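So the structure is just underneath, and the comments pick up after that.
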Amino acid sequence: MTTPTRARTRVRTVVLAALALLAAPVTPAGAAAATDDSHIEGLLPSGAAYVMDVPSGWNGTVLLFSHGYTPAGAPNPAHNAPNAAARELLLKEGYALIGSSYATTGWAVTDAVPDQLATLDAFTARFGEARRTIAWGSSYGGLVTTAIAERHPGRIDGSLPMCGLVHGGVANWNSTLDAVFALKALLAPDSRIALTGFPDGATAARSATALTDVVSTAQQTDRGRARIALAAALHDIPVWNDPAQPRPAATDWDTQQANQYQAVAGLLGRPAFVWRQEAESRAGGSMSWNTGVDYTAMLRRSTTYKEVTALYKKAGLSLRDDLTALNRTPRLAADPAAVDWMSRTSAFTGELRKPELSIHTTGDALVPVQVQSAYRRAAGAAGSAPLLRQAYVDTPGHCTFAPGEQLAALHTLEDRIATGHWGDTGPRVLNARARAADPAGQARYVRHSPAPYPRPYDLAHPADRP
């Protein structure tokens, strides 16, 4: 008599074999990881591409890399490492590197997760079971990585989201709305610029251009700069957010605001409008709302509150009056079905079953470091706090880690997997590991405690996952 366990094993074997046949490897079919370095490219049944690099001295660990956001219509190659320098270091250390494109571009989480797992299946069919599997990813790929960690913990041994959207899709799009809502309400209150509910990409692009023009004009005056700083504070945009910018002094309000303005312009350029429209098209409507939000309370929780008050004083404006006007501006409600879709596909509960080390730069304007506070709170509420550690690199920019810093985090996570307990995850040890992994690179880990996330963290539909 066949037991249920044996039956499941047979089914899995058949599935793996089918994946191996359906894949279309570019390298010769006889390539073997045990004797040769293998570079394999192919296609999954979904149409997504995958890439695998397996060194001849494979150490038994496979790293499943989830890449960042790819705008709709952009080239969509597969990636198996965050950058070429990290790939080279990892292959020298014997890691197998795998990763896919996603079957579609844009907010493709419903494609990304199954495509990544199918890539892992294709790897197993060709090279056998790995001794250890670690999911990792950058930016939007950090969201994909966290989705794998929470919903498919049996497939991995640990996870490493880097600069990830670990606050999830609902919170991400709400936070993006807060900034553009404030800009419109304070700089163009009588305009007809749409902020959500776009019927198509062209409409979204026109709104982006219109608000960008308004903000560009406002940046020329003290009053406009003060109001832009207020909007930036609602999105937790840091005052040093690009490596090309000067690092401003603690009370250099003008330089701080000029740095933030660059990030605001970037936010308007694509994420807040064109990328939103693509996500709305998947969700079936607007998944964002600001009904019931107290922007006065949000501003007071911001790390740049002092900057805003100083700039308002310089401009001769009443911050109280502007906040009153902002809070009285008619709010935007979400489409309940769209919120439901985004919650089911892209929100997190903090429920971990395997260890996770999450790293973030302190000067990230696109995915502000405060998102780590949101996930830490969720993990604590879910009872997963012992499985979670977070570490911070003191540098401006989104995902601007040095390769050695990424390997330091990976090695720290591996120690936790191997020993069953966390060792020292402080900056001294992480920086030593970064220098050991890449002696010529940077080591900039610091002790950092992110401020609380400014909006309530959405934990909808914890049991209803696709």
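Simple scheme: letters A, B, ... for chains in structure tokens order, numbers from 1 for residues in each chain, numbers from 1 for ligands in the order shown.
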Which residues are close to Pro403 (chain A), i.e. within 7 Å by only C-alpha atoms, leaving aside same-chain residues fewer than 4 positions away? Reply as an NGL selection string. :A and (85-86 or 407)
Preceding selection exported with N, CA and C atoms as an mmCIF file, in the first residue's frame:
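Result file follows (result-v2.cif):
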data_model
loop_
_atom_site.group_PDB
_atom_site.id
_atom_site.type_symbol
_atom_site.label_atom_id
_atom_site.label_comp_id
_atom_site.auth_asym_id
_atom_site.auth_seq_id
_atom_site.Cartn_x
_atom_site.Cartn_y
_atom_site.Cartn_z
ATOM 1 N N ALA A 85 29.664 42.403 -8.943
ATOM 2 C CA ALA A 85 30.726 42.259 -7.950
ATOM 3 C C ALA A 85 30.336 41.250 -6.877
ATOM 4 N N ALA A 86 29.101 41.325 -6.393
ATOM 5 C CA ALA A 86 28.643 40.356 -5.391
ATOM 6 C C ALA A 86 28.607 38.953 -5.993
ATOM 7 N N LEU A 407 27.525 40.316 1.722
ATOM 8 C CA LEU A 407 28.038 39.001 2.127
ATOM 9 C C LEU A 407 28.132 38.883 3.640
#
*Enumerate as an MDAnalysis selection string all residues of region 259-464 of chain A assigned to strand (DSSP E or B) by DSSP on the backbone, naming them with the chain letters and numbers the document uses.*
chainID A and resid 356:363 388:396 445:446
May I have a table of the residues of region 270-360 of chain A lying at most 9 Å from region 243-260 of chain A, giving each one's closest pair of atoms and their distance in Å to one decimal, counting only C-alpha atoms, ordered by chain and ascending residue number, as a Markdown table?
| residue | atom | partner | partner_atom | distance |
| --- | --- | --- | --- | --- |
| A:Lys306 | CA | A:Thr251 | CA | 8.8 |
| A:Glu307 | CA | A:Trp253 | CA | 5.7 |
| A:Val308 | CA | A:Trp253 | CA | 8.3 |
| A:Ala310 | CA | A:Trp253 | CA | 7.3 |
| A:Leu311 | CA | A:Trp253 | CA | 6.9 |
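Proximity to Pro238 (chain A) was assessed for A:Lys313, A:Lys184, A:His398, A:Arg320 counting only C-alpha atoms; the smallest distance is recorded for A:His398.
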Using only C-alpha atoms, which protein or nucleic acid residues come within 12 Å of Asp364 (chain A)? Drop anything in the same chain fewer than 2 positions from it, and give the result as a PDB file with N, CA and C atoms, in the first residue's frame.
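Full text of around_9.pdb as output:
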ATOM      1  N   SER A 139      15.015  45.460  -2.764  1.00  0.00           N
ATOM      2  CA  SER A 139      13.940  46.390  -3.065  1.00  0.00           C
ATOM      3  C   SER A 139      12.603  45.642  -3.184  1.00  0.00           C
ATOM      4  N   MET A 162      16.818  42.791   1.422  1.00  0.00           N
ATOM      5  CA  MET A 162      17.732  43.932   1.458  1.00  0.00           C
ATOM      6  C   MET A 162      17.016  45.153   0.881  1.00  0.00           C
ATOM      7  N   CYS A 163      16.977  46.235   1.648  1.00  0.00           N
ATOM      8  CA  CYS A 163      16.251  47.454   1.257  1.00  0.00           C
ATOM      9  C   CYS A 163      14.843  47.101   0.792  1.00  0.00           C
ATOM     10  N   GLY A 164      14.223  46.144   1.447  1.00  0.00           N
ATOM     11  CA  GLY A 164      12.974  45.575   0.960  1.00  0.00           C
ATOM     12  C   GLY A 164      11.722  46.315   1.397  1.00  0.00           C
ATOM     13  N   LEU A 165      10.669  46.125   0.626  1.00  0.00           N
ATOM     14  CA  LEU A 165       9.352  46.651   0.975  1.00  0.00           C
ATOM     15  C   LEU A 165       8.712  45.711   1.995  1.00  0.00           C
ATOM     16  N   HIS A 235       6.327  61.206   3.918  1.00  0.00           N
ATOM     17  CA  HIS A 235       6.832  59.978   3.292  1.00  0.00           C
ATOM     18  C   HIS A 235       8.148  59.533   3.927  1.00  0.00           C
ATOM     19  N   ASP A 236       8.564  60.217   4.979  1.00  0.00           N
ATOM     20  CA  ASP A 236       9.820  59.909   5.677  1.00  0.00           C
ATOM     21  C   ASP A 236      11.024  59.962   4.749  1.00  0.00           C
ATOM     22  N   ILE A 237      11.041  60.916   3.825  1.00  0.00           N
ATOM     23  CA  ILE A 237      12.186  61.076   2.932  1.00  0.00           C
ATOM     24  C   ILE A 237      13.353  61.651   3.721  1.00  0.00           C
ATOM     25  N   PRO A 238      14.494  60.974   3.756  1.00  0.00           N
ATOM     26  CA  PRO A 238      15.625  61.463   4.547  1.00  0.00           C
ATOM     27  C   PRO A 238      16.278  62.684   3.919  1.00  0.00           C
ATOM     28  N   VAL A 239      17.005  63.425   4.734  1.00  0.00           N
ATOM     29  CA  VAL A 239      17.616  64.672   4.255  1.00  0.00           C
ATOM     30  C   VAL A 239      18.917  64.420   3.516  1.00  0.00           C
ATOM     31  N   TRP A 240      19.407  63.202   3.528  1.00  0.00           N
ATOM     32  CA  TRP A 240      20.581  62.793   2.743  1.00  0.00           C
ATOM     33  C   TRP A 240      20.230  61.465   2.103  1.00  0.00           C
ATOM     34  N   ASN A 241      19.905  61.474   0.823  1.00  0.00           N
ATOM     35  CA  ASN A 241      19.317  60.287   0.209  1.00  0.00           C
ATOM     36  C   ASN A 241      19.938  59.891  -1.117  1.00  0.00           C
ATOM     37  N   ASP A 242      21.073  60.503  -1.478  1.00  0.00           N
ATOM     38  CA  ASP A 242      21.745  60.173  -2.738  1.00  0.00           C
ATOM     39  C   ASP A 242      23.247  60.342  -2.525  1.00  0.00           C
ATOM     40  N   PRO A 243      24.052  59.369  -2.952  1.00  0.00           N
ATOM     41  CA  PRO A 243      25.501  59.493  -2.751  1.00  0.00           C
ATOM     42  C   PRO A 243      26.104  60.738  -3.395  1.00  0.00           C
ATOM     43  N   ASN A 259      18.018  68.448  -0.866  1.00  0.00           N
ATOM     44  CA  ASN A 259      18.203  67.011  -1.059  1.00  0.00           C
ATOM     45  C   ASN A 259      16.871  66.286  -1.141  1.00  0.00           C
ATOM     46  N   GLN A 260      15.953  66.659  -0.254  1.00  0.00           N
ATOM     47  CA  GLN A 260      14.632  66.017  -0.278  1.00  0.00           C
ATOM     48  C   GLN A 260      13.885  66.324  -1.573  1.00  0.00           C
ATOM     49  N   ALA A 263      14.476  63.860  -4.256  1.00  0.00           N
ATOM     50  CA  ALA A 263      13.760  62.597  -4.057  1.00  0.00           C
ATOM     51  C   ALA A 263      12.276  62.755  -4.353  1.00  0.00           C
ATOM     52  N   ILE A 359      18.277  43.872   6.072  1.00  0.00           N
ATOM     53  CA  ILE A 359      19.217  44.991   6.113  1.00  0.00           C
ATOM     54  C   ILE A 359      18.671  46.158   5.302  1.00  0.00           C
ATOM     55  N   HIS A 360      19.058  47.375   5.718  1.00  0.00           N
ATOM     56  CA  HIS A 360      18.526  48.580   5.080  1.00  0.00           C
ATOM     57  C   HIS A 360      19.557  49.692   5.192  1.00  0.00           C
ATOM     58  N   THR A 361      19.589  50.568   4.203  1.00  0.00           N
ATOM     59  CA  THR A 361      20.406  51.769   4.302  1.00  0.00           C
ATOM     60  C   THR A 361      19.634  52.836   5.071  1.00  0.00           C
ATOM     61  N   THR A 362      20.360  53.696   5.783  1.00  0.00           N
ATOM     62  CA  THR A 362      19.697  54.703   6.602  1.00  0.00           C
ATOM     63  C   THR A 362      19.160  55.864   5.774  1.00  0.00           C
ATOM     64  N   LEU A 366      13.289  56.008  -1.401  1.00  0.00           N
ATOM     65  CA  LEU A 366      12.241  55.260  -2.093  1.00  0.00           C
ATOM     66  C   LEU A 366      11.517  54.316  -1.144  1.00  0.00           C
ATOM     67  N   VAL A 367      12.278  53.590  -0.327  1.00  0.00           N
ATOM     68  CA  VAL A 367      11.714  52.693   0.687  1.00  0.00           C
ATOM     69  C   VAL A 367      12.336  53.109   2.022  1.00  0.00           C
ATOM     70  N   PRO A 368      11.772  54.107   2.686  1.00  0.00           N
ATOM     71  CA  PRO A 368      12.405  54.658   3.889  1.00  0.00           C
ATOM     72  C   PRO A 368      12.665  53.601   4.960  1.00  0.00           C
ATOM     73  N   VAL A 369      13.741  53.806   5.699  1.00  0.00           N
ATOM     74  CA  VAL A 369      14.183  52.826   6.679  1.00  0.00           C
ATOM     75  C   VAL A 369      13.128  52.546   7.750  1.00  0.00           C
ATOM     76  N   GLN A 370      12.171  53.451   7.919  1.00  0.00           N
ATOM     77  CA  GLN A 370      11.113  53.241   8.914  1.00  0.00           C
ATOM     78  C   GLN A 370      10.253  52.016   8.625  1.00  0.00           C
ATOM     79  N   VAL A 371      10.304  51.488   7.404  1.00  0.00           N
ATOM     80  CA  VAL A 371       9.531  50.279   7.111  1.00  0.00           C
ATOM     81  C   VAL A 371       9.993  49.116   7.987  1.00  0.00           C
ATOM     82  N   GLN A 372      11.243  49.167   8.426  1.00  0.00           N
ATOM     83  CA  GLN A 372      11.746  48.102   9.285  1.00  0.00           C
ATOM     84  C   GLN A 372      11.025  48.103  10.636  1.00  0.00           C
ATOM     85  N   TYR A 392      21.684  47.837   9.837  1.00  0.00           N
ATOM     86  CA  TYR A 392      21.599  49.086   9.087  1.00  0.00           C
ATOM     87  C   TYR A 392      22.971  49.555   8.625  1.00  0.00           C
ATOM     88  N   VAL A 393      23.006  50.007   7.374  1.00  0.00           N
ATOM     89  CA  VAL A 393      24.221  50.532   6.761  1.00  0.00           C
ATOM     90  C   VAL A 393      24.069  52.042   6.628  1.00  0.00           C
ATOM     91  N   ASP A 394      25.031  52.778   7.141  1.00  0.00           N
ATOM     92  CA  ASP A 394      24.950  54.235   7.167  1.00  0.00           C
ATOM     93  C   ASP A 394      25.417  54.809   5.837  1.00  0.00           C
ATOM     94  N   THR A 395      24.493  54.915   4.913  1.00  0.00           N
ATOM     95  CA  THR A 395      24.798  55.455   3.597  1.00  0.00           C
ATOM     96  C   THR A 395      23.510  55.951   2.955  1.00  0.00           C
ATOM     97  N   PRO A 396      23.601  56.950   2.081  1.00  0.00           N
ATOM     98  CA  PRO A 396      22.414  57.416   1.388  1.00  0.00           C
ATOM     99  C   PRO A 396      22.087  56.537   0.196  1.00  0.00           C
ATOM    100  N   GLY A 397      20.852  56.585  -0.232  1.00  0.00           N
ATOM    101  CA  GLY A 397      20.450  55.897  -1.453  1.00  0.00           C
ATOM    102  C   GLY A 397      19.678  54.627  -1.198  1.00  0.00           C
ATOM    103  N   HIS A 398      19.044  54.156  -2.263  1.00  0.00           N
ATOM    104  CA  HIS A 398      18.224  52.942  -2.219  1.00  0.00           C
ATOM    105  C   HIS A 398      19.073  51.756  -2.653  1.00  0.00           C
ATOM    106  N   CYS A 399      19.251  50.805  -1.760  1.00  0.00           N
ATOM    107  CA  CYS A 399      20.002  49.579  -2.053  1.00  0.00           C
ATOM    108  C   CYS A 399      21.465  49.842  -2.387  1.00  0.00           C
ATOM    109  N   THR A 400      22.061  50.839  -1.768  1.00  0.00           N
ATOM    110  CA  THR A 400      23.444  51.204  -2.085  1.00  0.00           C
ATOM    111  C   THR A 400      24.420  50.478  -1.156  1.00  0.00           C
ATOM    112  N   PHE A 401      24.223  49.194  -0.979  1.00  0.00           N
ATOM    113  CA  PHE A 401      25.125  48.383  -0.177  1.00  0.00           C
ATOM    114  C   PHE A 401      26.391  48.061  -0.976  1.00  0.00           C
ATOM    115  N   PRO A 450      15.287  52.722  13.814  1.00  0.00           N
ATOM    116  CA  PRO A 450      14.376  53.524  12.991  1.00  0.00           C
ATOM    117  C   PRO A 450      13.193  54.047  13.793  1.00  0.00           C
TER     118      PRO A 450
END
Taking 3 positions as the minimum chain separation for residues in the same chain, which residues sit within 9 Å of region 88-101 of chain A when counting only C-alpha atoms? Answer as a compact mmCIF listing (two decimals) with C-alpha atoms, in the first residue's frame.
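What follows is the written file around.txt:
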# COMPACT_ATOMS: atom_id res chain seq x y z
CA LEU A 43 12.62 29.41 -19.65
CA LEU A 44 10.02 28.31 -17.14
CA ALA A 48 9.73 33.69 -17.26
CA ALA A 49 13.45 33.37 -17.86
CA TYR A 50 15.83 31.94 -15.30
CA VAL A 51 19.58 31.96 -14.83
CA MET A 52 21.77 29.64 -12.75
CA ASP A 53 25.46 29.81 -11.92
CA VAL A 54 26.84 26.77 -10.13
CA PRO A 55 30.59 26.60 -9.43
CA SER A 56 32.47 23.34 -9.68
CA GLY A 57 33.24 23.56 -5.99
CA TRP A 58 29.61 24.10 -5.00
CA ASN A 59 29.41 24.39 -1.21
CA GLY A 60 25.89 22.95 -1.07
CA THR A 61 24.08 26.26 -0.49
CA VAL A 62 21.81 27.74 -3.13
CA LEU A 63 20.89 31.42 -3.03
CA LEU A 64 17.50 32.22 -4.58
CA PHE A 65 17.68 35.88 -5.59
CA SER A 66 14.55 37.97 -6.23
CA HIS A 67 15.24 41.09 -8.28
CA ASN A 76 12.83 41.81 -18.25
CA PRO A 77 15.96 39.66 -17.88
CA ALA A 78 16.56 37.10 -15.16
CA HIS A 79 18.91 38.01 -12.29
CA ASN A 80 20.60 35.77 -9.76
CA ALA A 81 22.61 38.33 -7.75
CA ASN A 83 25.29 43.02 -8.89
CA ALA A 84 28.25 41.61 -10.76
CA ALA A 85 30.73 42.26 -7.95
CA THR A 104 5.13 39.83 -16.17
CA THR A 105 6.60 43.22 -15.27
CA ALA A 112 7.16 36.43 -8.97
CA ASP A 115 8.32 31.76 -10.76
CA GLN A 116 10.99 31.87 -8.08
CA ALA A 118 9.69 27.01 -10.03
CA THR A 119 13.28 28.15 -10.58
CA LEU A 120 14.23 26.39 -7.35
CA PHE A 123 17.60 23.75 -10.05
CA PRO A 403 29.16 43.75 -1.95
CA GLY A 404 31.07 42.93 1.24
CA LEU A 407 28.04 39.00 2.13
CA ALA A 437 34.58 39.18 2.40
CA ASP A 438 35.84 42.15 0.37
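Our summary of the geometry notes that CA of Ala378 (chain A) is positioned 9.1 Å from CA of His167 (chain A).
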Between A:Arg151, A:Arg455, A:Arg447, A:His39, smallest distance to Trp289 (chain A) by only C-alpha atoms belongs to A:Arg455
Which residues are near Trp136 (chain A)? Cut-off 6 Å, only C-alpha atoms, ignore same chain within fewer than 6 positions. Put them as number ranges by chain.
A: 65, 145, 159-161
_From a backbone DSSP assignment, name each residue in region 231-460 of chain A labelled helix (DSSP H, G or I), as a ChimeraX atom specification._
/A:231-234,253-269,271-283,295-301,305-315,319-328,336-346,371-381,385-387,403-419,427-437
Using only C-alpha atoms, please write the residues we just selected to a file, as an mmCIF file, in the first residue's frame.
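To be explicit, this is the file written out as out.cif:
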data_model
loop_
_atom_site.group_PDB
_atom_site.id
_atom_site.type_symbol
_atom_site.label_atom_id
_atom_site.label_comp_id
_atom_site.auth_asym_id
_atom_site.auth_seq_id
_atom_site.Cartn_x
_atom_site.Cartn_y
_atom_site.Cartn_z
ATOM 1 C CA ALA A 231 5.135 66.559 2.100
ATOM 2 C CA ALA A 232 8.550 64.874 2.158
ATOM 3 C CA ALA A 233 8.247 64.387 5.916
ATOM 4 C CA LEU A 234 4.978 62.488 5.478
ATOM 5 C CA TRP A 253 17.765 73.238 6.663
ATOM 6 C CA ASP A 254 18.231 74.576 3.128
ATOM 7 C CA THR A 255 20.557 71.765 2.044
ATOM 8 C CA GLN A 256 18.329 69.219 3.727
ATOM 9 C CA GLN A 257 15.306 70.459 1.796
ATOM 10 C CA ALA A 258 17.201 70.646 -1.498
ATOM 11 C CA ASN A 259 18.203 67.011 -1.059
ATOM 12 C CA GLN A 260 14.632 66.017 -0.278
ATOM 13 C CA TYR A 261 13.340 67.898 -3.308
ATOM 14 C CA GLN A 262 15.396 65.659 -5.595
ATOM 15 C CA ALA A 263 13.760 62.597 -4.057
ATOM 16 C CA VAL A 264 10.285 64.140 -4.289
ATOM 17 C CA ALA A 265 10.855 64.821 -7.990
ATOM 18 C CA GLY A 266 11.892 61.193 -8.450
ATOM 19 C CA LEU A 267 8.818 59.971 -6.592
ATOM 20 C CA LEU A 268 6.552 61.999 -8.864
ATOM 21 C CA GLY A 269 8.427 60.941 -11.974
ATOM 22 C CA PRO A 271 6.364 55.518 -8.636
ATOM 23 C CA ALA A 272 3.570 57.787 -7.422
ATOM 24 C CA PHE A 273 1.666 57.810 -10.711
ATOM 25 C CA VAL A 274 2.747 55.505 -13.545
ATOM 26 C CA TRP A 275 3.773 52.611 -11.294
ATOM 27 C CA ARG A 276 0.655 53.149 -9.206
ATOM 28 C CA GLN A 277 -1.551 52.908 -12.260
ATOM 29 C CA GLU A 278 -0.018 49.565 -13.202
ATOM 30 C CA ALA A 279 -0.633 48.243 -9.684
ATOM 31 C CA GLU A 280 -4.195 49.570 -9.748
ATOM 32 C CA SER A 281 -4.819 47.744 -13.013
ATOM 33 C CA ARG A 282 -3.916 44.473 -11.267
ATOM 34 C CA ALA A 283 -5.872 45.254 -8.114
ATOM 35 C CA TYR A 295 -1.466 64.500 9.224
ATOM 36 C CA THR A 296 -0.605 66.695 12.199
ATOM 37 C CA ALA A 297 0.172 63.621 14.286
ATOM 38 C CA MET A 298 2.085 62.055 11.384
ATOM 39 C CA LEU A 299 4.281 65.117 10.987
ATOM 40 C CA ARG A 300 5.110 65.249 14.682
ATOM 41 C CA ARG A 301 6.325 61.637 14.489
ATOM 42 C CA TYR A 305 9.810 67.682 12.020
ATOM 43 C CA LYS A 306 12.391 70.245 13.182
ATOM 44 C CA GLU A 307 13.424 70.942 9.602
ATOM 45 C CA VAL A 308 9.820 71.568 8.584
ATOM 46 C CA THR A 309 9.159 73.939 11.485
ATOM 47 C CA ALA A 310 12.371 75.861 10.738
ATOM 48 C CA LEU A 311 11.539 76.266 7.053
ATOM 49 C CA TYR A 312 7.982 77.383 7.825
ATOM 50 C CA LYS A 313 9.371 80.014 10.201
ATOM 51 C CA LYS A 314 11.821 81.224 7.561
ATOM 52 C CA ALA A 315 9.023 81.478 4.984
ATOM 53 C CA LEU A 319 2.459 75.496 9.966
ATOM 54 C CA ARG A 320 -0.695 75.155 12.050
ATOM 55 C CA ASP A 321 -2.800 76.787 9.333
ATOM 56 C CA ASP A 322 -1.343 74.556 6.615
ATOM 57 C CA LEU A 323 -1.906 71.424 8.669
ATOM 58 C CA THR A 324 -5.472 72.508 9.353
ATOM 59 C CA ALA A 325 -6.017 73.049 5.628
ATOM 60 C CA LEU A 326 -4.440 69.696 4.859
ATOM 61 C CA ASN A 327 -6.591 67.861 7.376
ATOM 62 C CA ARG A 328 -9.712 69.558 6.019
ATOM 63 C CA PRO A 336 -12.568 47.666 -1.038
ATOM 64 C CA ALA A 337 -12.014 44.939 -3.632
ATOM 65 C CA ALA A 338 -8.659 46.461 -4.596
ATOM 66 C CA VAL A 339 -7.598 46.651 -0.942
ATOM 67 C CA ASP A 340 -8.632 43.028 -0.571
ATOM 68 C CA TRP A 341 -6.502 41.987 -3.550
ATOM 69 C CA MET A 342 -3.460 43.948 -2.411
ATOM 70 C CA SER A 343 -3.836 42.602 1.128
ATOM 71 C CA ARG A 344 -4.104 38.986 0.012
ATOM 72 C CA THR A 345 -1.194 39.174 -2.388
ATOM 73 C CA SER A 346 1.178 41.739 -0.929
ATOM 74 C CA VAL A 371 9.531 50.279 7.111
ATOM 75 C CA GLN A 372 11.746 48.102 9.285
ATOM 76 C CA SER A 373 9.873 49.355 12.360
ATOM 77 C CA ALA A 374 6.627 48.206 10.780
ATOM 78 C CA TYR A 375 7.884 44.680 10.209
ATOM 79 C CA ARG A 376 9.540 44.469 13.615
ATOM 80 C CA ARG A 377 6.224 45.374 15.243
ATOM 81 C CA ALA A 378 4.378 42.817 13.125
ATOM 82 C CA ALA A 379 6.880 40.080 13.951
ATOM 83 C CA GLY A 380 6.593 40.881 17.636
ATOM 84 C CA ALA A 381 2.815 40.677 17.514
ATOM 85 C CA ALA A 385 10.638 38.312 17.140
ATOM 86 C CA PRO A 386 13.270 35.687 18.088
ATOM 87 C CA LEU A 387 13.605 34.748 14.400
ATOM 88 C CA PRO A 403 29.162 43.752 -1.950
ATOM 89 C CA GLY A 404 31.067 42.934 1.236
ATOM 90 C CA GLU A 405 28.224 44.332 3.322
ATOM 91 C CA GLN A 406 25.797 42.026 1.565
ATOM 92 C CA LEU A 407 28.038 39.001 2.127
ATOM 93 C CA ALA A 408 28.483 39.937 5.778
ATOM 94 C CA ALA A 409 24.718 39.752 6.256
ATOM 95 C CA LEU A 410 24.548 36.455 4.384
ATOM 96 C CA HIS A 411 27.270 34.863 6.514
ATOM 97 C CA THR A 412 25.566 36.088 9.695
ATOM 98 C CA LEU A 413 22.289 34.514 8.604
ATOM 99 C CA GLU A 414 24.074 31.279 7.729
ATOM 100 C CA ASP A 415 25.537 31.106 11.234
ATOM 101 C CA ARG A 416 22.044 31.439 12.662
ATOM 102 C CA ILE A 417 20.792 28.628 10.436
ATOM 103 C CA ALA A 418 23.709 26.378 11.333
ATOM 104 C CA THR A 419 23.750 26.939 15.094
ATOM 105 C CA PRO A 427 27.940 46.593 13.569
ATOM 106 C CA ARG A 428 31.413 45.665 14.844
ATOM 107 C CA VAL A 429 31.011 42.023 13.833
ATOM 108 C CA LEU A 430 29.171 42.816 10.595
ATOM 109 C CA ASN A 431 31.845 45.304 9.543
ATOM 110 C CA ALA A 432 34.588 42.790 10.297
ATOM 111 C CA ARG A 433 32.796 40.254 8.146
ATOM 112 C CA ALA A 434 32.324 42.798 5.367
ATOM 113 C CA ARG A 435 36.054 43.575 5.325
ATOM 114 C CA ALA A 436 36.902 39.876 5.353
ATOM 115 C CA ALA A 437 34.577 39.183 2.405
#
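The spacing separating CA of Phe127 (chain A) from CA of Ile156 (chain A) amounts to 16.5 Å.
With only C-alpha atoms as the atoms that count, the residue of A:Arg192, A:Arg389, A:His421, A:His448 with the shortest distance to Gly363 (chain A) is A:His448.
Distance check against Thr304 (chain A) using only C-alpha atoms: of A:Ser191, A:Arg353, A:Ala451, A:Ser384, the minimum falls on A:Ala451.
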